[in-house]
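Chemist: Take this structure first; my questions come after.
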Amino acid sequence: MADGTGRVNKALMASPDRFLNRELSWLEFNQRVLEESANPAHPLLERLRFLSISASNLDEFEMVRYAGLREQVRAGIVRPGQDGLKPFEQVEKIETASLKLIAGQQERWRKLKEEMAAENIHVLSTEALTRKDRAELEAFYQSNIFPVLTPLAVDPAHPFPFIPNLGFSIAIDLVSNSGGEGHVGIVPLPAFVRRFIRLPKSAKGHLRFIALEDVIGLFLEDLFPGFKEKDRCLFRVVRDSDIEIEEEAEDLIREFEVMLKQRRRGRIVRLRMQSSAPQKLREFITREIGAEQADTVLYDGILGMAQLSELIVDERLDLQFPPYEPRYPERIREMGGDCFAAIRAKDILVHHPFESFDVVVQFIRQAAADPAVVAIKQTLYRTTSNSPVVAALIEAAESGKNVTALVEIKARFDEEANLRLARDLERAGVQVVYGYIEYKTHAKVSLVVRREGGDLRSYTHFGTGNYHPINARIYTDLSLFTADAALGRDANRLFNFVTAYREPPDVGPALEKISMSPLSLKHDLIELIEAEAAAAKKGQPSGIWAKMNSLVDGEVIDALYRASQVGVPITLVVRGICCLRPGVPGMSENITVKSIVGRFLEHSRIVCFANGEALPSANAKVFISSADWMPRNLTRRVEALVPIENPTVHRQILNQIMVANLNDELQSWVMVEDGSYRRVKPEKPDSAFEAHQYFMDNPSLSGRGSALEVTLPPRLSHRTDKLA
């Protein structure tokens with residue numbers, strides 16, 4: 001019961017203090033990413049990669065989330081969020097946490113740079129260059145850098161130039177050689193030149209790099225003849241990159257093209273400068289670029305850490321994770337590569353990236369080439385510009401099949417690519433649908449209708465990730481392939497729901513098995529949580545296991561709190577944002593939250609309900625989903641929650657994937673009630689269990705084919721006190 005005595009903390013349950021702030025929770029997640037750059041279990045260049053990722057994450061956070069809150073403050077909005085914090089209070093806390101994160105990133109870079117030097121990988125200063133190095137650099141500069149540089153004077157006749165989002169520039173205080181009036185020069189760094197220029201190997205075979213801004217600094221006299229440098233500093237601009245859409249746009253596509261051009265001219269939210277920047281230059285840049293004082297952040301070190309990934313080179317594979325080649329499900333191989341025959345025999349669950357995304361591509365390609373296939377329907381949220389899935393859809397349309405592509409052009413930062421793909425599809429004869437203006441189509445569904453005998457049979461793919469072959473090698477996601485007729489009908493209803501209505505109707509299609517946002521998913525989810533609470537009240541076995549990227553929705557969190565208060569044991573694996581406070585007496589003492597940050601990016605969404613027997617059991621209700629538990633996913637997107645009914649797939653998700661995630665010790669963090677995290681410290685590090693390594697070493701159950709021998713992870717053995 002609630003606090004061990006049956007008492008519920010009613011005051012806390014009525015207070016916004018029961019929720020954590022989503023922005024601060026995200027910064028906590030990025031802190032965990034940064035911590036992996038100091039994890040000695042990772043190879044050196046992989047630790048550098050984690051540092052680069054943490055910097056890239058922070059860039060995006062500031063461009064979108066922080067920028068949005070700053071705009072709310074400017075607009076005078078004071079309405080608090082569900083956690084009780086007003087926009088200006090959130091901005092203050094974000095700035096404090098961000099500065100701490102930035103300082104940590106700089107400290108990690110200094111240490112990693114030393115370790116790299118010990119491994120004969122050097123990032124040189126100009127002072128460390130030999131005469132021969134300078135000569136070789138000058139030749140490279142003249143051929144590859146100088147032609148794309150545009151030096152700009154800033155004086156009364158030349159206004160301060162526009163610096164695009166994430167653009168680097170060098171500002172130089174110039175003094176005339178003839179004694180005339182000086183001025184400030186600006187040299188924007190070219191976007192298509194590598195940030196770190198590679199020098200020839202040293203005589204000892206050492207790898208050597210130098211930053212682009214340092215190379216340009218060597219030859220400034222070529223850019224501003226007649227002037228000499230008095231002072232210099234590097235600065236970088238971060239701009240607001242969110243897009244606002246008019247609700248009733250006459251031409252959605254045209255509007256997006258305009259908005260994409262305007263994106264690069266968004267308001268400045270961060271002006272980053274090196275702390276060594278002279279005060280005069282610092283004030284000049286801030287004033288002339290139109291930044292506010294609060295926008296300026298001084299860096300004691302390097303700017304643009306996201307580009308440190310350029311230092312991860314193929315010559316030093318010994319300093320990276322051992323290569324991993326995803327498996328291909330044996331059952332499809334046993335069927336001669338016939339996806340449809342394998343799916344007809346039994347549902348298949350493919351676990352990416354441990355199993356190949358080629359299965360998804362083969363499914364669409366086979367449908368495109370199969371004369372018995374009459375129709376293909378496909379959602380596309382994110383994919384690549386040369387997507388094999390898109391190529392297969394074009395092939396299918398050109399061969400006369402009825403092909404529908406539901407392209408989401410509002411996929412943040414992928415809008416432009418998706419517009420190009422949509423035009424390619426339309427030219428081939430694909431029926432392209434763009435979905436709702438206000439509701440992103442985030443569900444990952446592919447439906448193939450095939451004529452077999454005198455009937456039509458549906459083959460359906462439901463995914464937790466995107467149809468993106470590159471991401472599928474990095475993200476952990478699930479792909480369910482099924483010939484279940486009811487699931488096929490539900491998939492078709494989902495497509496019709498989006499294609500047939502200008503906006504979502506109040507009453508949606510009658511679904512047989514799946515739940516769908518924005519109509520029924522949230523209601524059904526809360527109902528399932530409440531069913532576990534009802535079982536606990538009766539003294540019956542109960543429990544909830546769930547895995548997702550983010551947990552924000554207040555109504556769902558409150559339902560979890562109520563379930564905890566009547567004794568339902570709840571274990572959540574939440575990679576990133578979590579606004580729920582676990583382990584609080586009288587509110588959530590039966591809830592444990594952990595986060596896994598490792599070699600692969602956790603992305604699959606799974607939820608399991610005990611349903612009358614202790615987890616894990618064959619009687620549990622198990623679902624996969626495209627949706628995180630956030631208001632946007634549950635109320636403003638088209639999402640799917642799909643039940644897992646096939647016994648083998650059910651066992652794979654519950655007893656293999658979820659148990660492995662819950663038992664992970666080496667890459668896990670446990671959340672405490674104030675929103676901070678503690679790394680799990682295994683009692684025996686040498687034999688500790690790591691989920692990602694287990695998945696790389698062991699095939700999945702449903703794709704095993706006739707070779708059914710599979711090693712399951714150890715039975716669930718964790719306890720809350722052990723994790724914390």
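By convention here, the chains of the structure tokens are called A, B, ... in the order presented, each chain's residues are numbered starting at 1, and ligands are numbered starting at 1 in the order presented.
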I'd like the neighbourhood of range 589-595 of chain A as a PyMOL selection string, where a residue qualifies if any of its atoms comes within 6 Å (using only C-alpha atoms), though same-chain residues fewer than 6 positions away should be ignored.

Modeler: chain A and resi 564+569-575+582-583+668-671

Chemist: Excluding range 142-149 of chain A and residues on its chain fewer than 3 positions from it, collect all residues at most 8 Å away from it, counting only C-alpha atoms, and give them as a PDB file with C-alpha atoms, in the first residue's frame.

Modeler:
ATOM      1  CA  GLU A 138      49.360  26.468 -47.228  1.00  0.00           C
ATOM      2  CA  ALA A 139      49.109  24.380 -50.383  1.00  0.00           C
ATOM      3  CA  VAL A 187      35.262  35.278 -41.882  1.00  0.00           C
ATOM      4  CA  PRO A 188      32.399  32.745 -41.890  1.00  0.00           C
ATOM      5  CA  LEU A 189      33.733  29.202 -41.868  1.00  0.00           C
ATOM      6  CA  PRO A 190      32.606  27.369 -45.011  1.00  0.00           C
ATOM      7  CA  VAL A 193      34.843  21.988 -45.507  1.00  0.00           C
TER       8      VAL A 193
END

Chemist: To one decimal in Å, tell me the separation between CA of Pro326 in chain A and CA of Phe354 in chain A.

Modeler: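 Distance reported for this atom pair: 4.9 Å.
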
Chemist: Counting only C-alpha atoms, which residue out of A:Ile514, A:Leu425, A:Ala491, A:Ala372 sits closest to Ile394 in chain A?

Modeler: A:Leu425

Chemist: Mind checking which residues fall within 8 Å of range 101-112 of chain A, counting only C-alpha atoms, ignoring those fewer than 6 positions away in the same chain, and posting them as a PyMOL selection string?

Modeler: chain A and resi 31+34+37-38+44+48+51+55+299-302
